[in-house]
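Data block for target_12.cif (mmCIF, C-alpha atoms):
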```cif
data_data
#
loop_
_atom_site.label_atom_id
_atom_site.label_comp_id
_atom_site.auth_asym_id
_atom_site.auth_seq_id
_atom_site.Cartn_x
_atom_site.Cartn_y
_atom_site.Cartn_z
CA MET D 1 36.04 22.16 6.01
CA THR D 2 36.36 20.19 2.77
CA ILE D 3 34.92 16.69 2.99
CA THR D 4 37.12 14.34 0.99
CA ALA D 5 36.19 11.03 -0.60
CA ALA D 6 38.68 9.31 1.72
CA MET D 7 36.85 10.68 4.78
CA VAL D 8 33.51 9.50 3.46
CA LYS D 9 34.99 6.08 2.68
CA GLU D 10 36.37 5.76 6.21
CA LEU D 11 33.05 6.66 7.80
CA ARG D 12 31.17 4.26 5.55
CA GLU D 13 33.51 1.41 6.47
CA LYS D 14 33.10 2.12 10.18
CA THR D 15 29.30 2.50 10.17
CA GLY D 16 27.95 0.76 7.09
CA ALA D 17 25.94 3.90 6.22
CA GLY D 18 25.35 4.97 2.63
CA PHE D 19 27.49 7.49 0.73
CA MET D 20 25.12 10.45 0.99
CA ASP D 21 24.31 9.79 4.65
CA SER D 22 28.02 9.61 5.47
CA LYS D 23 28.81 12.81 3.55
CA LYS D 24 25.95 14.66 5.24
CA ALA D 25 27.07 13.47 8.69
CA LEU D 26 30.62 14.68 8.07
CA GLU D 27 29.35 18.05 6.86
CA GLN D 28 27.19 18.38 9.96
CA CYS D 29 30.13 17.52 12.21
CA ASP D 30 32.85 19.59 10.48
CA GLY D 31 34.69 16.49 9.31
CA ASP D 32 35.03 14.94 12.78
CA ILE D 33 34.78 11.16 12.20
CA GLU D 34 33.88 10.30 15.80
CA LYS D 35 31.15 12.93 16.00
CA ALA D 36 29.85 11.84 12.60
CA MET D 37 29.61 8.25 13.85
CA GLU D 38 27.60 9.43 16.85
CA PHE D 39 25.43 11.57 14.55
CA LEU D 40 24.61 8.54 12.40
CA ARG D 41 23.84 6.37 15.41
CA GLN D 42 21.47 9.01 16.73
CA LYS D 43 19.72 9.11 13.37
CA GLY D 44 19.44 5.33 13.32
CA ILE D 45 21.46 5.12 10.13
CA ALA D 46 24.76 3.66 11.28
CA SER D 47 25.02 -0.08 10.61
CA ALA D 48 21.61 -0.16 8.94
CA GLU D 49 23.10 -0.31 5.44
CA LYS D 50 25.31 -3.26 6.46
CA LYS D 51 22.20 -5.35 6.89
CA GLN D 52 20.67 -4.62 3.49
CA ASP D 53 22.30 -7.61 1.76
CA ARG D 54 20.93 -10.09 4.27
CA ILE D 55 17.97 -12.35 3.50
CA ALA D 56 14.72 -11.12 4.99
CA ALA D 57 11.87 -13.50 4.25
CA GLU D 58 10.14 -13.56 7.62
CA GLY D 59 7.94 -10.73 8.88
CA LEU D 60 4.26 -9.89 8.80
CA VAL D 61 1.37 -9.24 6.47
CA ALA D 62 -1.00 -6.60 7.82
CA SER D 63 -4.09 -4.75 6.61
CA TYR D 64 -6.10 -1.70 7.57
CA ILE D 65 -9.44 -0.23 6.45
CA GLU D 66 -10.79 3.25 7.11
CA ASN D 67 -13.54 5.25 5.36
CA GLY D 68 -13.76 2.93 2.38
CA VAL D 69 -10.00 2.75 1.78
CA GLY D 70 -8.05 -0.39 2.60
CA SER D 71 -4.40 -1.36 2.49
CA ILE D 72 -2.52 -4.62 2.66
CA VAL D 73 1.23 -4.59 3.22
CA GLU D 74 4.04 -7.10 3.64
CA ILE D 75 7.06 -6.06 5.68
CA ASN D 76 9.94 -8.49 5.99
CA CYS D 77 12.55 -9.12 8.64
CA GLU D 78 15.14 -11.87 9.04
CA THR D 79 13.73 -14.03 11.84
CA ASP D 80 10.37 -15.14 13.16
CA PHE D 81 11.58 -14.05 16.59
CA VAL D 82 11.59 -10.39 15.49
CA ALA D 83 8.29 -10.83 13.65
CA LYS D 84 6.67 -11.74 16.97
CA ASN D 85 8.14 -8.68 18.69
CA ASN D 86 5.45 -6.17 19.74
CA ASP D 87 7.53 -3.23 18.53
CA PHE D 88 7.78 -4.76 15.05
CA LYS D 89 4.05 -5.59 15.03
CA GLU D 90 3.18 -2.00 15.94
CA PHE D 91 5.52 -0.71 13.22
CA VAL D 92 3.85 -2.87 10.55
CA THR D 93 0.36 -1.84 11.67
CA ASN D 94 1.34 1.84 11.59
CA ILE D 95 2.69 1.48 8.06
CA ALA D 96 -0.62 -0.10 6.95
CA LYS D 97 -2.48 2.87 8.47
CA HIS D 98 -0.06 5.34 6.89
CA ILE D 99 -0.64 3.81 3.45
CA VAL D 100 -4.39 4.35 3.80
CA SER D 101 -3.77 7.94 4.85
CA VAL D 102 -1.37 9.02 2.07
CA LYS D 103 -2.37 6.57 -0.73
CA PRO D 104 1.10 6.28 -2.31
CA GLN D 105 1.27 4.98 -5.87
CA ASN D 106 4.36 2.85 -5.36
CA LEU D 107 7.14 1.95 -2.91
CA ASP D 108 9.22 4.98 -3.87
CA GLU D 109 6.35 7.30 -2.97
CA LEU D 110 5.72 5.42 0.26
CA ASN D 111 9.38 5.59 1.30
CA ALA D 112 9.53 9.30 0.51
CA SER D 113 6.33 10.13 2.40
CA ILE D 114 6.52 11.73 5.84
CA CYS D 115 5.54 9.90 9.01
CA PRO D 116 3.12 12.25 10.85
CA GLN D 117 4.19 11.02 14.29
CA CYS D 118 7.93 11.71 13.94
CA GLY D 119 8.25 13.97 10.89
CA MET D 120 10.78 11.61 9.24
CA LYS D 121 10.63 10.00 5.81
CA ILE D 122 9.37 6.43 5.97
CA GLU D 123 12.68 5.20 4.52
CA ASP D 124 14.47 6.81 7.49
CA VAL D 125 11.96 5.32 9.92
CA VAL D 126 12.83 1.90 8.46
CA LYS D 127 16.56 2.57 8.91
CA GLN D 128 15.92 3.58 12.49
CA LYS D 129 14.05 0.32 13.10
CA ILE D 130 16.93 -1.64 11.57
CA ALA D 131 19.34 0.03 13.97
CA THR D 132 17.04 -0.55 16.94
CA ILE D 133 15.99 -4.13 16.20
CA GLY D 134 19.26 -5.30 14.66
CA GLU D 135 17.89 -7.06 11.59
CA LYS D 136 17.29 -6.17 7.98
CA ILE D 137 13.77 -4.81 7.60
CA SER D 138 12.18 -4.02 4.25
CA ILE D 139 8.75 -2.96 3.05
CA ARG D 140 8.32 -5.50 0.28
CA ARG D 141 4.95 -4.62 -1.23
CA PHE D 142 1.60 -3.00 -0.60
CA GLN D 143 -1.70 -2.55 -2.39
CA ILE D 144 -4.76 -0.37 -1.91
CA LEU D 145 -8.43 -1.10 -2.58
CA GLU D 146 -11.40 1.23 -2.25
CA GLY D 147 -15.14 0.63 -1.84
CA ASN D 148 -17.01 -1.87 0.29
CA LEU D 149 -14.14 -3.69 1.90
CA ALA D 150 -13.36 -6.57 4.22
CA THR D 151 -10.09 -8.06 5.41
CA TYR D 152 -8.74 -11.08 7.20
CA VAL D 153 -5.18 -11.77 8.32
CA HIS D 154 -4.23 -15.20 9.64
CA ASN D 155 -1.40 -15.05 12.18
CA GLY D 156 0.37 -12.40 10.15
CA LYS D 157 1.20 -15.07 7.55
CA ILE D 158 -1.75 -14.88 5.13
CA GLY D 159 -3.54 -11.63 4.34
CA VAL D 160 -6.77 -11.09 2.41
CA LEU D 161 -8.37 -7.83 1.30
CA ILE D 162 -11.71 -7.89 -0.56
CA SER D 163 -13.72 -5.32 -2.50
CA ALA D 164 -17.44 -6.04 -2.96
CA SER D 165 -20.57 -4.46 -4.46
CA ASN D 166 -22.09 -3.79 -1.05
CA GLN D 167 -21.31 -4.18 2.62
CA ASP D 168 -22.41 -7.40 4.33
CA GLU D 169 -20.05 -7.98 7.23
CA ALA D 170 -20.98 -11.61 7.90
CA LEU D 171 -20.86 -12.70 4.26
CA LEU D 172 -17.63 -10.88 3.52
CA LYS D 173 -16.00 -12.36 6.61
CA ASP D 174 -16.89 -15.85 5.36
CA VAL D 175 -15.53 -15.05 1.90
CA ALA D 176 -12.30 -13.68 3.36
CA LEU D 177 -11.83 -16.81 5.48
CA HIS D 178 -12.49 -18.96 2.41
CA ILE D 179 -9.96 -17.07 0.28
CA ALA D 180 -7.33 -17.40 3.00
CA SER D 181 -7.98 -21.15 3.24
CA SER D 182 -8.53 -22.12 -0.40
CA ALA D 183 -6.23 -19.70 -2.26
CA PRO D 184 -8.25 -18.90 -5.39
CA GLU D 185 -6.45 -16.93 -8.07
CA PHE D 186 -9.41 -15.27 -9.79
CA VAL D 187 -12.95 -14.23 -8.88
CA SER D 188 -14.56 -15.87 -11.92
CA ARG D 189 -13.77 -17.42 -15.30
CA ALA D 190 -14.10 -14.01 -16.94
CA GLN D 191 -10.91 -12.89 -15.19
CA ILE D 192 -8.76 -15.81 -16.36
CA PRO D 193 -6.37 -14.75 -19.16
CA GLN D 194 -6.57 -16.90 -22.30
CA SER D 195 -2.84 -17.47 -21.98
CA VAL D 196 -3.41 -19.36 -18.71
CA ILE D 197 -6.01 -21.61 -20.34
CA ASP D 198 -3.79 -22.19 -23.38
CA GLU D 199 -0.81 -23.14 -21.19
CA GLU D 200 -2.82 -25.62 -19.13
CA THR D 201 -4.24 -27.09 -22.33
CA ARG D 202 -0.75 -27.52 -23.77
CA ILE D 203 0.45 -29.27 -20.63
CA GLU D 204 -2.52 -31.62 -20.50
CA MET D 205 -2.25 -32.48 -24.21
CA GLY D 206 1.33 -33.58 -23.65
CA LYS D 207 0.64 -35.99 -20.79
CA GLU D 208 1.68 -39.59 -21.37
CA ASP D 209 -1.63 -41.16 -20.38
CA LEU D 210 -3.29 -39.52 -23.41
CA ALA D 211 -0.55 -40.20 -25.95
CA LYS D 212 -2.28 -43.22 -27.53
CA LYS D 213 -5.78 -41.75 -27.53
CA PRO D 214 -7.37 -40.64 -30.83
CA GLU D 215 -7.08 -36.90 -31.38
CA ASN D 216 -10.81 -36.13 -30.96
CA ILE D 217 -11.08 -38.14 -27.74
CA ARG D 218 -7.90 -36.64 -26.38
CA ALA D 219 -9.25 -33.14 -27.05
CA LYS D 220 -12.46 -33.85 -25.12
CA ILE D 221 -10.56 -35.32 -22.17
CA VAL D 222 -8.21 -32.35 -22.09
CA GLU D 223 -11.13 -29.91 -22.26
CA GLY D 224 -12.70 -31.59 -19.24
CA ARG D 225 -9.46 -31.55 -17.28
CA VAL D 226 -8.78 -27.90 -18.06
CA ASN D 227 -12.31 -26.94 -17.06
CA LYS D 228 -11.78 -28.67 -13.74
CA LEU D 229 -8.45 -26.89 -13.23
CA MET D 230 -10.00 -23.51 -14.03
CA ALA D 231 -12.83 -24.17 -11.57
CA GLN D 232 -10.23 -24.78 -8.86
CA LYS D 233 -8.67 -21.39 -9.59
CA CYS D 234 -11.96 -19.43 -9.46
CA LEU D 235 -13.35 -18.20 -6.15
CA LEU D 236 -17.01 -18.48 -7.17
CA GLU D 237 -16.65 -22.09 -8.37
CA GLN D 238 -14.73 -23.44 -5.40
CA PRO D 239 -16.56 -25.56 -2.80
CA PHE D 240 -17.29 -23.24 0.12
CA VAL D 241 -14.85 -24.06 2.92
CA LYS D 242 -17.56 -24.10 5.62
CA ASN D 243 -19.94 -26.21 3.53
CA PRO D 244 -18.25 -28.09 0.65
CA ASP D 245 -21.65 -29.23 -0.68
CA ILE D 246 -22.18 -25.76 -2.17
CA THR D 247 -19.96 -23.39 -4.10
CA VAL D 248 -19.01 -19.90 -2.95
CA GLU D 249 -21.34 -18.49 -5.60
CA GLN D 250 -24.22 -20.51 -4.18
CA MET D 251 -23.33 -19.40 -0.67
CA LEU D 252 -23.46 -15.76 -1.75
CA ASN D 253 -26.84 -16.38 -3.40
CA GLY D 254 -26.80 -13.09 -5.26
CA LYS D 255 -26.58 -11.01 -2.08
CA LEU D 256 -23.38 -9.32 -3.19
CA VAL D 257 -20.78 -9.37 -5.94
CA ILE D 258 -17.07 -9.80 -5.24
CA ASN D 259 -15.33 -7.22 -7.41
CA SER D 260 -11.75 -8.16 -6.60
CA PHE D 261 -9.53 -9.57 -3.90
CA ILE D 262 -5.89 -9.70 -2.87
CA ARG D 263 -4.42 -12.74 -1.14
CA TRP D 264 -0.81 -12.71 -0.03
CA THR D 265 1.26 -15.33 1.73
CA LEU D 266 4.21 -14.05 3.72
CA GLY D 267 7.51 -14.53 1.94
CA GLU D 268 6.08 -16.17 -1.17
CA GLY D 269 8.72 -16.17 -3.88
CA LEU D 270 11.50 -15.04 -1.53
CA GLU D 271 14.67 -16.95 -0.72
CA LYS D 272 14.61 -18.28 2.83
CA ARG D 273 17.42 -18.14 5.33
CA GLN D 274 19.20 -21.48 5.62
CA ASP D 275 21.63 -20.69 8.42
CA ASN D 276 21.15 -22.16 11.86
CA PHE D 277 20.42 -19.58 14.58
CA ALA D 278 22.38 -21.46 17.26
CA GLN D 279 25.37 -21.72 14.95
CA GLU D 280 25.13 -17.99 14.21
CA VAL D 281 25.18 -17.18 17.93
CA MET D 282 28.21 -19.45 18.43
CA SER D 283 30.01 -17.85 15.53
CA GLN D 284 29.51 -14.41 17.05
CA MET D 285 30.82 -15.66 20.40
CA VAL D 286 33.96 -17.04 18.73
CA LYS D 287 34.63 -13.65 17.17
#
```
Translate this file's structure into structure tokens.
Amino acid sequence: MTITAAMVKELREKTGAGFMDSKKALEQCDGDIEKAMEFLRQKGIASAEKKQDRIAAEGLVASYIENGVGSIVEINCETDFVAKNNDFKEFVTNIAKHIVSVKPQNLDELNASICPQCGMKIEDVVKQKIATIGEKISIRRFQILEGNLATYVHNGKIGVLISASNQDEALLKDVALHIASSAPEFVSRAQIPQSVIDEETRIEMGKEDLAKKPENIRAKIVEGRVNKLMAQKCLLEQPFVKNPDITVEQMLNGKLVINSFIRWTLGEGLEKRQDNFAQEVMSQMVK
């Protein structure tokens, strides 16, 4: 049977599924709209696409380390209620494990990779979760580190993954806790781009409290302020969170070198939902 554009359009409007999914469903069901709708529901695709334009800024950050390979991933949903759901938590953890296993280079590769438990593409697993849970779910980002690793995740909201020169579980745990708490941006001064220093210098030079100072004095004051700002951005120069009388570098005392770290905060940079949940429920009841 020939599948027409009008048939695909009708199925899309009824299910919210994408064009190709709708066309495939109709082909599988010999053009029968009702059977195609059931086919899409069984595949977890129906209504999933309808949710893709919603705001999803809640969710979880998770990490996983195995055999010297570590992943950190952020997966978003729409509400904190779903983020606390055990099924969603298990899903996020399994994705973190899957990333370590397949080592995808980007989100496209991750979404196209095959889940070993169910044999489906990860993108289809996500659609199935959307249909089951009833909210938009999206894998926002992930990153992989290799070597001597440590991780710390605070309540699923802040995630840290560290790569170091050697393995010292106690020290690395302290460093991970510090990074989660103090939010450094760089390991050391050597990692700070000159553009960052130049921008901070420009801002400080333009501050009103220095406007009437002689140029040479103003330059020295600005240099001191910028140095202080850079120290605040560098992990090794920050006061150690468990003992602010010493820096992180002094705490490490040459026992290991921090090569790199990742620190993510859930939803950073994303638009947050503003609608009221109770009002949403009432609106659905009115309909």
### Task
Fewer than 4 positions away in the same chain doesn't count, so skip those; otherwise give me all residues within 12 Å of Gly269 of chain D, counting all atoms listed in the file, as a ChimeraX atom specification.
/D:56-58,140,264-265
### Task
Check what the PyMOL selection byres ((chain D and resi 228-234) around 8) selects in the file above and give those residues as number ranges by chain.
D: 183-189, 197, 224-227, 235-238
Where is the centre and how long are the edges: axis-aligned box on segment 231-245 of chain D, 8 Å on each side, Å to one decimal, as AutoDock Vina command-line options:
```
--center_x -15.2 --center_y -23.7 --center_z -3.0 --size_x 29.0 --size_y 27.0 --size_z 33.2
```
### Contact residues around Leu26 of chain D with only C-alpha atoms at 10 Å, ignoring same-chain residues under 3 positions, as number ranges by chain
D: 1-4, 7-8, 11, 20-23, 29-37, 39-40
### Query
Applied to this file, what does the PyMOL selection byres ((chain D and resi 172-181) around 8) return in terms of residues, put as a PyMOL selection string?
chain D and resi 150-152+154+158-162+167-171+182-184+235+240-242+248+263
Step by step, work through what the PyMOL selection byres ((chain D and resi 73) around 10) selects in the shown file, and finish by giving those residues as a PDB file with C-alpha atoms, in the frame of the given file.
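Writing the result to result-v1.pdb gives the following:
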```pdb
ATOM      1  CA  LEU D  60       4.260  -9.890   8.800  1.00  0.00           C
ATOM      2  CA  VAL D  61       1.370  -9.240   6.470  1.00  0.00           C
ATOM      3  CA  ALA D  62      -1.000  -6.600   7.820  1.00  0.00           C
ATOM      4  CA  SER D  63      -4.090  -4.750   6.610  1.00  0.00           C
ATOM      5  CA  TYR D  64      -6.100  -1.700   7.570  1.00  0.00           C
ATOM      6  CA  SER D  71      -4.400  -1.360   2.490  1.00  0.00           C
ATOM      7  CA  ILE D  72      -2.520  -4.620   2.660  1.00  0.00           C
ATOM      8  CA  GLU D  74       4.040  -7.100   3.640  1.00  0.00           C
ATOM      9  CA  ILE D  75       7.060  -6.060   5.680  1.00  0.00           C
ATOM     10  CA  ASN D  76       9.940  -8.490   5.990  1.00  0.00           C
ATOM     11  CA  VAL D  92       3.850  -2.870  10.550  1.00  0.00           C
ATOM     12  CA  THR D  93       0.360  -1.840  11.670  1.00  0.00           C
ATOM     13  CA  ILE D  95       2.690   1.480   8.060  1.00  0.00           C
ATOM     14  CA  ALA D  96      -0.620  -0.100   6.950  1.00  0.00           C
ATOM     15  CA  LYS D  97      -2.480   2.870   8.470  1.00  0.00           C
ATOM     16  CA  ILE D  99      -0.640   3.810   3.450  1.00  0.00           C
ATOM     17  CA  ILE D 139       8.750  -2.960   3.050  1.00  0.00           C
ATOM     18  CA  ARG D 140       8.320  -5.500   0.280  1.00  0.00           C
ATOM     19  CA  ARG D 141       4.950  -4.620  -1.230  1.00  0.00           C
ATOM     20  CA  PHE D 142       1.600  -3.000  -0.600  1.00  0.00           C
ATOM     21  CA  GLN D 143      -1.700  -2.550  -2.390  1.00  0.00           C
ATOM     22  CA  ILE D 144      -4.760  -0.370  -1.910  1.00  0.00           C
ATOM     23  CA  GLY D 159      -3.540 -11.630   4.340  1.00  0.00           C
ATOM     24  CA  TRP D 264      -0.810 -12.710  -0.030  1.00  0.00           C
ATOM     25  CA  LEU D 266       4.210 -14.050   3.720  1.00  0.00           C
TER      26      LEU D 266
END
```
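Atom CA of Gly134 of chain D lies 11.8 Å from atom CA of Phe81 of chain D.
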### Top pick for closest residue to Ile262 of chain D, considering D:Ser163, D:Ser138, D:Asn243, D:Gln191 and counting only C-alpha atoms
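For Ile262 of chain D, the nearest of the candidates is D:Ser163.
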Can you list, as a compact mmCIF listing (two decimals) with C-alpha atoms, keeping the file's coordinate frame, every protein, DNA or RNA residue that comes within 9 Å of Leu110 of chain D when you count only C-alpha atoms, leaving out same-chain residues fewer than 5 positions away?
```txt
# COMPACT_ATOMS: atom_id res chain seq x y z
CA HIS D 98 -0.06 5.34 6.89
CA ILE D 99 -0.64 3.81 3.45
CA VAL D 102 -1.37 9.02 2.07
CA LYS D 103 -2.37 6.57 -0.73
CA PRO D 104 1.10 6.28 -2.31
CA GLN D 105 1.27 4.98 -5.87
CA LYS D 121 10.63 10.00 5.81
CA ILE D 122 9.37 6.43 5.97
CA GLU D 123 12.68 5.20 4.52
```
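Taking atom CA of Glu146 of chain D and atom CA of Gly68 of chain D as the two end points, the separation is 5.5 Å.
Every protein, DNA or RNA residue with an atom at most 7 Å from segment 82-87 of chain D, where only C-alpha atoms count and chain neighbours fewer than 3 positions away do not, is listed here: Glu58, Gly59, Leu60, Cys77, Thr79, Glu90 and Phe91 of chain D.
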Export, as a compact mmCIF listing (two decimals), keeping the file's coordinate frame, the selected residues with C-alpha atoms.
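And here is the file that came out, again_11.txt:
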```txt
# COMPACT_ATOMS: atom_id res chain seq x y z
CA GLU D 58 10.14 -13.56 7.62
CA GLY D 59 7.94 -10.73 8.88
CA LEU D 60 4.26 -9.89 8.80
CA CYS D 77 12.55 -9.12 8.64
CA THR D 79 13.73 -14.03 11.84
CA GLU D 90 3.18 -2.00 15.94
CA PHE D 91 5.52 -0.71 13.22
```
### Interatomic distance (Å, one decimal) between atom CA of Ala190 of chain D and atom CA of Ile258 of chain D
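Here the two named atoms are 12.8 Å from each other.
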### Message
Please return as a PyMOL selection string every residue within 10 Å of (-1.9, -25.9, -19.7), taking into account all atoms listed in the file and the file's own coordinates.
### Response
chain D and resi 195-206+222+225-226+229
